[in-house]
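Shown next: run_35.pdb, given as PDB, C-alpha atoms and all ligand atoms.
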ATOM      1  CA  GLY A   1     319.620 204.504 241.467
ATOM      2  CA  PRO A   2     323.200 205.476 240.744
ATOM      3  CA  SER A   3     325.975 205.560 243.307
ATOM      4  CA  GLY A   4     325.858 208.856 245.162
ATOM      5  CA  SER A   5     322.106 209.320 244.726
ATOM      6  CA  GLY A   6     321.662 208.826 248.464
ATOM      7  CA  LYS A   7     319.470 205.762 248.134
ATOM      8  CA  THR A   8     321.174 203.774 250.866
ATOM      9  CA  SER A   9     320.857 206.560 253.450
ATOM     10  CA  LEU A  10     317.248 207.181 252.452
ATOM     11  CA  ALA A  11     316.245 203.527 252.567
ATOM     12  CA  ARG A  12     318.028 202.865 255.861
ATOM     13  CA  GLU A  13     316.557 205.887 257.621
ATOM     14  CA  VAL A  14     313.012 205.259 256.424
ATOM     15  CA  CYS A  15     313.320 201.587 257.329
ATOM     16  CA  ASP A  16     314.582 202.460 260.839
ATOM     17  CA  GLU A  17     311.736 204.905 261.372
ATOM     18  CA  LEU A  18     309.161 202.282 260.400
ATOM     19  CA  LYS A  19     310.547 200.145 263.238
ATOM     20  CA  ASP A  20     308.832 196.732 263.478
ATOM     21  CA  LYS A  21     306.846 197.321 260.304
ATOM     22  CA  ALA A  22     309.965 196.998 258.155
ATOM     23  CA  TYR A  23     313.030 194.889 257.521
ATOM     24  CA  PHE A  24     316.188 195.988 255.714
ATOM     25  CA  SER A  25     317.799 193.268 253.648
ATOM     26  CA  ILE A  26     321.558 193.154 254.219
ATOM     27  CA  SER A  27     323.265 192.069 251.027
ATOM     28  CA  THR A  28     326.361 189.931 250.659
ATOM     29  CA  THR A  29     329.238 191.398 248.678
ATOM     30  CA  THR A  30     332.782 190.740 247.527
ATOM     31  CA  ARG A  31     333.504 194.486 247.505
ATOM     32  CA  PRO A  32     336.236 195.510 249.965
ATOM     33  CA  LYS A  33     334.912 197.063 253.150
ATOM     34  CA  ARG A  34     334.968 200.880 253.193
ATOM     35  CA  GLU A  35     336.177 202.808 256.184
ATOM     36  CA  GLY A  36     333.456 202.842 258.818
ATOM     37  CA  GLU A  37     331.496 199.935 257.336
ATOM     38  CA  LYS A  38     330.685 196.974 259.558
ATOM     39  CA  ASP A  39     330.337 193.333 258.609
ATOM     40  CA  GLY A  40     326.782 192.142 259.180
ATOM     41  CA  VAL A  41     325.487 195.726 259.366
ATOM     42  CA  ASP A  42     326.273 197.340 256.015
ATOM     43  CA  TYR A  43     326.925 194.115 254.150
ATOM     44  CA  PHE A  44     328.096 190.591 254.750
ATOM     45  CA  PHE A  45     331.608 190.897 253.355
ATOM     46  CA  VAL A  46     332.860 187.661 251.805
ATOM     47  CA  THR A  47     335.552 186.430 249.438
ATOM     48  CA  LYS A  48     334.773 185.630 245.832
ATOM     49  CA  GLU A  49     335.075 181.909 246.625
ATOM     50  CA  GLU A  50     332.588 182.156 249.497
ATOM     51  CA  PHE A  51     330.209 184.140 247.306
ATOM     52  CA  LEU A  52     330.314 181.606 244.477
ATOM     53  CA  LYS A  53     329.706 178.792 246.969
ATOM     54  CA  ASP A  54     326.549 180.601 248.167
ATOM     55  CA  VAL A  55     325.450 181.004 244.541
ATOM     56  CA  GLU A  56     325.881 177.269 243.968
ATOM     57  CA  GLU A  57     323.929 176.433 247.095
ATOM     58  CA  GLY A  58     320.978 178.556 245.960
ATOM     59  CA  TYR A  59     321.306 180.999 248.841
ATOM     60  CA  PHE A  60     320.475 184.074 246.769
ATOM     61  CA  LEU A  61     317.145 185.346 245.528
ATOM     62  CA  GLU A  62     319.203 187.342 243.027
ATOM     63  CA  TRP A  63     322.823 188.283 242.546
ATOM     64  CA  ALA A  64     324.688 190.486 240.102
ATOM     65  CA  GLU A  65     328.053 191.930 239.229
ATOM     66  CA  VAL A  66     327.934 195.677 239.851
ATOM     67  CA  HIS A  67     330.865 198.038 239.245
ATOM     68  CA  GLY A  68     333.199 195.005 239.104
ATOM     69  CA  ASN A  69     332.132 193.344 242.398
ATOM     70  CA  PHE A  70     329.516 190.726 243.248
ATOM     71  CA  TYR A  71     326.422 191.568 245.274
ATOM     72  CA  GLY A  72     323.609 189.225 246.295
ATOM     73  CA  THR A  73     320.320 189.231 248.188
ATOM     74  CA  SER A  74     319.708 186.283 250.495
ATOM     75  CA  LYS A  75     316.339 184.652 250.025
ATOM     76  CA  ARG A  76     315.553 183.154 253.409
ATOM     77  CA  GLN A  77     315.527 186.350 255.466
ATOM     78  CA  ILE A  78     313.314 188.078 252.940
ATOM     79  CA  ASP A  79     310.767 185.297 252.850
ATOM     80  CA  LYS A  80     310.670 185.288 256.643
ATOM     81  CA  ALA A  81     310.088 189.056 256.840
ATOM     82  CA  LEU A  82     307.418 188.901 254.118
ATOM     83  CA  SER A  83     305.604 186.093 255.897
ATOM     84  CA  GLU A  84     305.527 188.330 258.982
ATOM     85  CA  GLY A  85     303.806 191.021 256.894
ATOM     86  CA  LYS A  86     306.779 193.383 256.938
ATOM     87  CA  ILE A  87     307.890 195.891 254.347
ATOM     88  CA  VAL A  88     311.183 194.587 252.994
ATOM     89  CA  PHE A  89     313.701 197.161 251.808
ATOM     90  CA  LEU A  90     316.145 196.051 249.131
ATOM     91  CA  ASP A  91     318.907 198.466 248.198
ATOM     92  CA  ILE A  92     319.863 196.872 244.896
ATOM     93  CA  ASP A  93     320.894 197.784 241.370
ATOM     94  CA  VAL A  94     318.848 197.707 238.157
ATOM     95  CA  GLN A  95     319.702 194.052 237.405
ATOM     96  CA  GLY A  96     318.562 193.062 240.878
ATOM     97  CA  HIS A  97     315.334 194.983 240.372
ATOM     98  CA  GLU A  98     314.574 193.050 237.204
ATOM     99  CA  ALA A  99     315.215 189.703 238.906
ATOM    100  CA  VAL A 100     313.240 190.457 242.069
ATOM    101  CA  ARG A 101     310.304 191.819 240.102
ATOM    102  CA  LYS A 102     310.178 188.537 238.188
ATOM    103  CA  ALA A 103     310.391 186.490 241.369
ATOM    104  CA  TYR A 104     307.776 188.517 243.313
ATOM    105  CA  PRO A 105     305.601 190.289 240.734
ATOM    106  CA  ASP A 106     302.720 190.907 243.146
ATOM    107  CA  VAL A 107     304.835 192.216 245.967
ATOM    108  CA  VAL A 108     307.469 194.484 244.427
ATOM    109  CA  THR A 109     307.186 198.252 244.560
ATOM    110  CA  SER A 110     310.235 199.941 243.098
ATOM    111  CA  VAL A 111     311.654 203.413 243.504
ATOM    112  CA  PHE A 112     314.474 204.757 241.350
ATOM    113  CA  VAL A 113     316.442 207.331 243.321
ATOM    114  CA  THR A 114     318.641 209.922 241.667
ATOM    115  CA  THR A 115     319.922 213.486 241.922
ATOM    116  CA  LYS A 116     318.492 216.464 240.038
ATOM    117  CA  ASP A 117     321.476 216.561 237.640
ATOM    118  CA  LYS A 118     324.814 214.989 236.748
ATOM    119  CA  LYS A 119     326.873 217.690 238.450
ATOM    120  CA  THR A 120     325.227 217.016 241.827
ATOM    121  CA  LEU A 121     325.836 213.291 241.448
ATOM    122  CA  ILE A 122     329.558 213.799 240.807
ATOM    123  CA  GLU A 123     329.822 216.262 243.708
ATOM    124  CA  ARG A 124     328.126 213.857 246.119
ATOM    125  CA  LEU A 125     330.282 210.932 245.061
ATOM    126  CA  LYS A 126     333.447 213.001 245.477
ATOM    127  CA  LYS A 127     332.309 214.335 248.836
ATOM    128  CA  ARG A 128     331.629 210.798 250.046
ATOM    129  CA  GLY A 129     335.335 210.183 249.527
ATOM    130  CA  THR A 130     334.949 206.441 249.016
ATOM    131  CA  GLU A 131     335.949 206.230 245.369
ATOM    132  CA  THR A 132     339.242 206.376 243.491
ATOM    133  CA  GLU A 133     339.408 208.379 240.221
ATOM    134  CA  GLU A 134     338.989 205.073 238.388
ATOM    135  CA  SER A 135     336.002 203.738 240.341
ATOM    136  CA  LEU A 136     334.366 207.166 240.137
ATOM    137  CA  LYS A 137     334.576 206.938 236.343
ATOM    138  CA  VAL A 138     333.093 203.419 236.360
ATOM    139  CA  ARG A 139     330.235 204.524 238.593
ATOM    140  CA  MET A 140     329.467 207.547 236.394
ATOM    141  CA  ILE A 141     329.404 205.466 233.203
ATOM    142  CA  ASN A 142     327.170 202.913 234.922
ATOM    143  CA  ALA A 143     324.876 205.702 236.110
ATOM    144  CA  LEU A 144     323.978 206.451 232.484
ATOM    145  CA  HIS A 145     323.073 202.812 231.811
ATOM    146  CA  GLU A 146     321.028 202.682 235.001
ATOM    147  CA  MET A 147     319.047 205.823 234.050
ATOM    148  CA  LYS A 148     317.840 204.092 230.886
ATOM    149  CA  LYS A 149     315.924 201.670 233.109
ATOM    150  CA  ILE A 150     313.891 204.363 234.882
ATOM    151  CA  PRO A 151     310.696 203.515 232.908
ATOM    152  CA  GLU A 152     310.743 200.024 234.483
ATOM    153  CA  TYR A 153     310.268 201.499 237.968
ATOM    154  CA  ASP A 154     307.036 202.383 239.740
ATOM    155  CA  TYR A 155     308.366 205.643 241.152
ATOM    156  CA  LEU A 156     311.116 208.150 240.360
ATOM    157  CA  LEU A 157     312.435 209.990 243.369
ATOM    158  CA  ILE A 158     314.714 213.013 242.902
ATOM    159  CA  ASN A 159     316.712 213.254 246.088
ATOM    160  CA  ASP A 160     317.256 217.007 246.303
ATOM    161  CA  ASP A 161     315.986 217.816 249.783
ATOM    162  CA  PHE A 162     316.777 214.764 251.927
ATOM    163  CA  ASN A 163     313.886 215.146 254.357
ATOM    164  CA  GLU A 164     311.378 215.656 251.594
ATOM    165  CA  ALA A 165     312.753 212.626 249.736
ATOM    166  CA  LYS A 166     312.425 210.614 252.938
ATOM    167  CA  GLU A 167     308.745 211.555 253.195
ATOM    168  CA  TYR A 168     308.153 210.348 249.655
ATOM    169  CA  LEU A 169     309.979 207.084 250.220
ATOM    170  CA  ARG A 170     308.065 206.477 253.427
ATOM    171  CA  SER A 171     304.802 207.043 251.519
ATOM    172  CA  CYS A 172     305.846 204.600 248.786
ATOM    173  CA  ALA A 173     306.766 202.032 251.428
ATOM    174  CA  LEU A 174     303.474 202.334 253.288
ATOM    175  CA  ALA A 175     301.450 202.287 250.060
ATOM    176  CA  SER A 176     303.246 199.097 249.040
ATOM    177  CA  LEU A 177     301.573 197.330 251.960
ATOM    178  CA  ILE A 178     298.052 197.962 250.686
ATOM    179  CA  LYS A 179     298.409 197.071 247.009
ATOM    180  CA  THR A 180     295.380 195.093 245.938
ATOM    181  CA  SER A 181     297.686 192.373 244.609
ATOM    182  CA  LYS A 182     298.875 191.765 248.169
ATOM    183  CA  TYR A 183     295.471 190.781 249.490
ATOM    184  CA  ASP A 184     293.910 187.363 249.280
ATOM    185  CA  LEU A 185     290.579 188.728 248.052
ATOM    186  CA  ASP A 186     288.897 185.319 247.941
TER     187      ASP A 186
HETATM  188  P1  LIG A 201     328.021 200.041 246.892
HETATM  189  O1  LIG A 201     329.294 199.345 246.493
HETATM  190  O2  LIG A 201     328.073 201.501 246.563
HETATM  191  O3  LIG A 201     327.611 199.749 248.300
HETATM  192  O4  LIG A 201     326.852 199.439 245.976
HETATM  193  C1  LIG A 201     326.979 199.405 244.604
HETATM  194  C2  LIG A 201     325.667 199.067 243.942
HETATM  195  O5  LIG A 201     325.300 197.718 244.205
HETATM  196  C3  LIG A 201     324.495 199.909 244.406
HETATM  197  O6  LIG A 201     323.732 200.266 243.263
HETATM  198  C4  LIG A 201     323.728 198.967 245.292
HETATM  199  O7  LIG A 201     322.359 199.298 245.347
HETATM  200  C5  LIG A 201     323.951 197.663 244.570
HETATM  201  N1  LIG A 201     323.674 196.489 245.431
HETATM  202  C6  LIG A 201     323.890 196.374 246.752
HETATM  203  N2  LIG A 201     323.480 195.171 247.184
HETATM  204  C7  LIG A 201     322.987 194.512 246.117
HETATM  205  C8  LIG A 201     322.376 193.230 245.932
HETATM  206  O8  LIG A 201     322.225 192.428 246.848
HETATM  207  N3  LIG A 201     321.994 192.917 244.670
HETATM  208  C9  LIG A 201     322.150 193.759 243.612
HETATM  209  N4  LIG A 201     321.715 193.352 242.419
HETATM  210  N5  LIG A 201     322.699 194.992 243.751
HETATM  211  C10 LIG A 201     323.107 195.365 244.983
END
Translate the structure of the given file into structure tokens.
Ligand code: 5GP
Amino acid sequence: GPSGSGKTSLAREVCDELKDKAYFSISTTTRPKREGEKDGVDYFFVTKEEFLKDVEEGYFLEWAEVHGNFYGTSKRQIDKALSEGKIVFLDIDVQGHEAVRKAYPDVVTSVFVTTKDKKTLIERLKKRGTETEESLKVRMINALHEMKKIPEYDYLLINDDFNEAKEYLRSCALASLIKTSKYDLD
């Protein structure tokens, strides 16, 4: 979902509440750290050179340029969590969704998170106070491109009431564990 939709807060809270059942994938990024963000908690913050080295070494399951910065999902941690039967939360953009769905077609359940209208999205982004006028513009233009991909997702979650949205996301997460494609029926 677009920046400001609340997807990170939703995914993190639901993942925390599911405790040992779930694992939250911490991405690597070249984006500068925002105030209050912690390395190894919110992201692994690296330089562009370090990121490209990881790309070369095949460290990422997928990576993409989003809003002018690089973001990537490390493969090893995810495979480990999946082998332990955990729900793996990926907070990634539409390009990442396409790549991960290709890599794990039987496992992926996707949820597109957005606000009820454009006005709310702008208000939330401004209130977050993390963006400059310029990056706000970039994120709003990208939001429109991202919305076009909604039909590729399994679920569309309008994050109006946070607690209600959390309930829905939790249901999607739990249902993802019992997809028939996840069982070895033989
Ligand atoms: P932000 O800079 O606001 O934290 O994230 C910007 C966008 O990048 C969000 O849409 C977020 O979901 C996406 N993103 C974060 N990590 C990854 C990742 O590992 N891969 C991809 N493809 N997108 C990511």
Problem set entry | Nearest residue to Arg170 (chain A) from the set A:Val14, A:Leu144, A:Val88, A:Leu121 (distances using all atoms listed in the file) | A:Val14
Please produce, as CSV, a per-residue contact table for chain A versus ligand LIG 201 (chain A) (criterion: any atom at most 7 Å away, all atoms listed in the file considered), showing the nearest atom pair and its distance in Å to one decimal, sorted by chain then residue number.
residue,atom,partner,partner_atom,distance
A:Gly1,CA,A:LIG201,O6,6.2
A:Pro2,CA,A:LIG201,O6,5.8
A:Ser3,CA,A:LIG201,O2,5.6
A:Ser27,CA,A:LIG201,O8,4.3
A:Thr28,CA,A:LIG201,O8,6.2
A:Arg31,CA,A:LIG201,O1,6.5
A:Glu62,CA,A:LIG201,N3,6.4
A:Trp63,CA,A:LIG201,N3,5.2
A:Ala64,CA,A:LIG201,N4,4.7
A:Val66,CA,A:LIG201,O5,5.5
A:His67,CA,A:LIG201,C1,6.8
A:Tyr71,CA,A:LIG201,C8,4.4
A:Gly72,CA,A:LIG201,O8,3.5
A:Thr73,CA,A:LIG201,O8,4.0
A:Asp91,CA,A:LIG201,O7,4.6
A:Ile92,CA,A:LIG201,O7,3.5
A:Asp93,CA,A:LIG201,N5,4.1
A:Val94,CA,A:LIG201,N4,6.7
A:Gln95,CA,A:LIG201,N4,5.4
A:Gly96,CA,A:LIG201,N4,3.5
A:His97,CA,A:LIG201,N4,6.9
For this session: Give as a list in words the residues that the PyMOL selection byres (((chain A and resi 157) around 8) and not hetatm) matches when applied to the coordinates above.
Result: Val111, Phe112, Val113, Thr114, Tyr155, Leu156, Ile158, Asn159, Ala165, Tyr168 and Leu169 of chain A
Problem set entry | Selection: 10 Å around Asp160 (chain A), only C-alpha atoms, excl. self and same-chain fewer than 4 positions, as a VMD selection string | chain A and resid 5 to 6 114 to 117 120 164 to 165
For this session: Could you give me, as a VMD selection string, the residues that sit within 12 Å of (327.6, 181.9, 248.5) in the file's coordinates, counting all atoms listed in the file?
Result: chain A and resid 27 to 30 44 to 63 70 to 75
For this session: Tell me which of A:Ser9, A:Tyr23, A:Val41, A:Arg34 sits closest to Thr132 (chain A), counting all atoms listed in the file.
Result: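 Between A:Ser9, A:Tyr23, A:Val41, A:Arg34, the residue approaching Thr132 (chain A) most closely is A:Arg34.
Between CA of Met140 (chain A) and CA of Glu167 (chain A) the separation is 27.0 Å.
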Exercise. Mind pulling up the distance from CA of Leu174 (chain A) to CA of Tyr104 (chain A)?
Worked result: 17.6 Å
Problem set entry | Separation of CA of Gly68 (chain A) from CA of Arg12 (chain A), in Å and rounded to one decimal |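 Separation of CA of Gly68 (chain A) and CA of Arg12 (chain A): 23.9 Å.
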For this session: Please evaluate the PyMOL selection byres (((chain A and resi 136) around 12) and not hetatm) against the structure above and give the resulting residues as JSON, numbers by chain.
Result: {"A": [2, 3, 4, 67, 121, 122, 123, 124, 125, 126, 127, 128, 129, 130, 131, 132, 133, 134, 135, 137, 138, 139, 140, 141, 142, 143]}
Determine, counting all atoms listed in the file, which protein, DNA and RNA residues have an atom within 10 Å of an atom of region 80-85 of chain A; residues of the same chain fewer than 6 positions away are not included. Present the result as a PDB file with C-alpha atoms, in the frame of the given file.
ATOM      1  CA  LYS A  21     306.846 197.321 260.304  1.00  0.00           C
ATOM      2  CA  ALA A  22     309.965 196.998 258.155  1.00  0.00           C
ATOM      3  CA  TYR A  23     313.030 194.889 257.521  1.00  0.00           C
ATOM      4  CA  PHE A  24     316.188 195.988 255.714  1.00  0.00           C
ATOM      5  CA  SER A  25     317.799 193.268 253.648  1.00  0.00           C
ATOM      6  CA  VAL A 107     304.835 192.216 245.967  1.00  0.00           C
ATOM      7  CA  LEU A 177     301.573 197.330 251.960  1.00  0.00           C
TER       8      LEU A 177
END
With N, CA and C atoms as the goal, would you fill in the gaps in region 124-136 of chain A and present it as an mmCIF file, keeping the file's coordinate frame?
data_model
loop_
_atom_site.group_PDB
_atom_site.id
_atom_site.type_symbol
_atom_site.label_atom_id
_atom_site.label_comp_id
_atom_site.auth_asym_id
_atom_site.auth_seq_id
_atom_site.Cartn_x
_atom_site.Cartn_y
_atom_site.Cartn_z
ATOM 1 N N ARG A 124 328.444 214.687 244.954
ATOM 2 C CA ARG A 124 328.126 213.857 246.119
ATOM 3 C C ARG A 124 329.071 212.664 246.224
ATOM 4 N N LEU A 125 329.367 212.076 245.055
ATOM 5 C CA LEU A 125 330.282 210.932 245.061
ATOM 6 C C LEU A 125 331.669 211.347 245.543
ATOM 7 N N LYS A 126 332.117 212.523 245.078
ATOM 8 C CA LYS A 126 333.447 213.001 245.477
ATOM 9 C C LYS A 126 333.475 213.316 246.964
ATOM 10 N N LYS A 127 332.397 213.938 247.429
ATOM 11 C CA LYS A 127 332.309 214.335 248.836
ATOM 12 C C LYS A 127 332.303 213.101 249.751
ATOM 13 N N ARG A 128 331.688 212.030 249.262
ATOM 14 C CA ARG A 128 331.629 210.798 250.046
ATOM 15 C C ARG A 128 333.039 210.260 250.301
ATOM 16 N N GLY A 129 333.918 210.537 249.342
ATOM 17 C CA GLY A 129 335.335 210.183 249.527
ATOM 18 C C GLY A 129 335.629 208.703 249.542
ATOM 19 N N THR A 130 334.739 207.891 248.967
ATOM 20 C CA THR A 130 334.949 206.441 249.016
ATOM 21 C C THR A 130 335.537 205.895 247.718
ATOM 22 N N GLU A 131 335.559 206.742 246.690
ATOM 23 C CA GLU A 131 335.949 206.230 245.369
ATOM 24 C C GLU A 131 337.310 206.757 244.910
ATOM 25 N N THR A 132 338.022 205.931 244.159
ATOM 26 C CA THR A 132 339.242 206.376 243.491
ATOM 27 C C THR A 132 338.806 207.057 242.197
ATOM 28 N N GLU A 133 339.729 207.741 241.513
ATOM 29 C CA GLU A 133 339.408 208.379 240.221
ATOM 30 C C GLU A 133 338.795 207.338 239.283
ATOM 31 N N GLU A 134 339.405 206.130 239.305
ATOM 32 C CA GLU A 134 338.989 205.073 238.388
ATOM 33 C C GLU A 134 337.577 204.579 238.715
ATOM 34 N N SER A 135 337.319 204.278 239.999
ATOM 35 C CA SER A 135 336.002 203.738 240.341
ATOM 36 C C SER A 135 334.918 204.811 240.212
ATOM 37 N N LEU A 136 335.315 206.076 240.349
ATOM 38 C CA LEU A 136 334.366 207.166 240.137
ATOM 39 C C LEU A 136 333.915 207.172 238.676
#
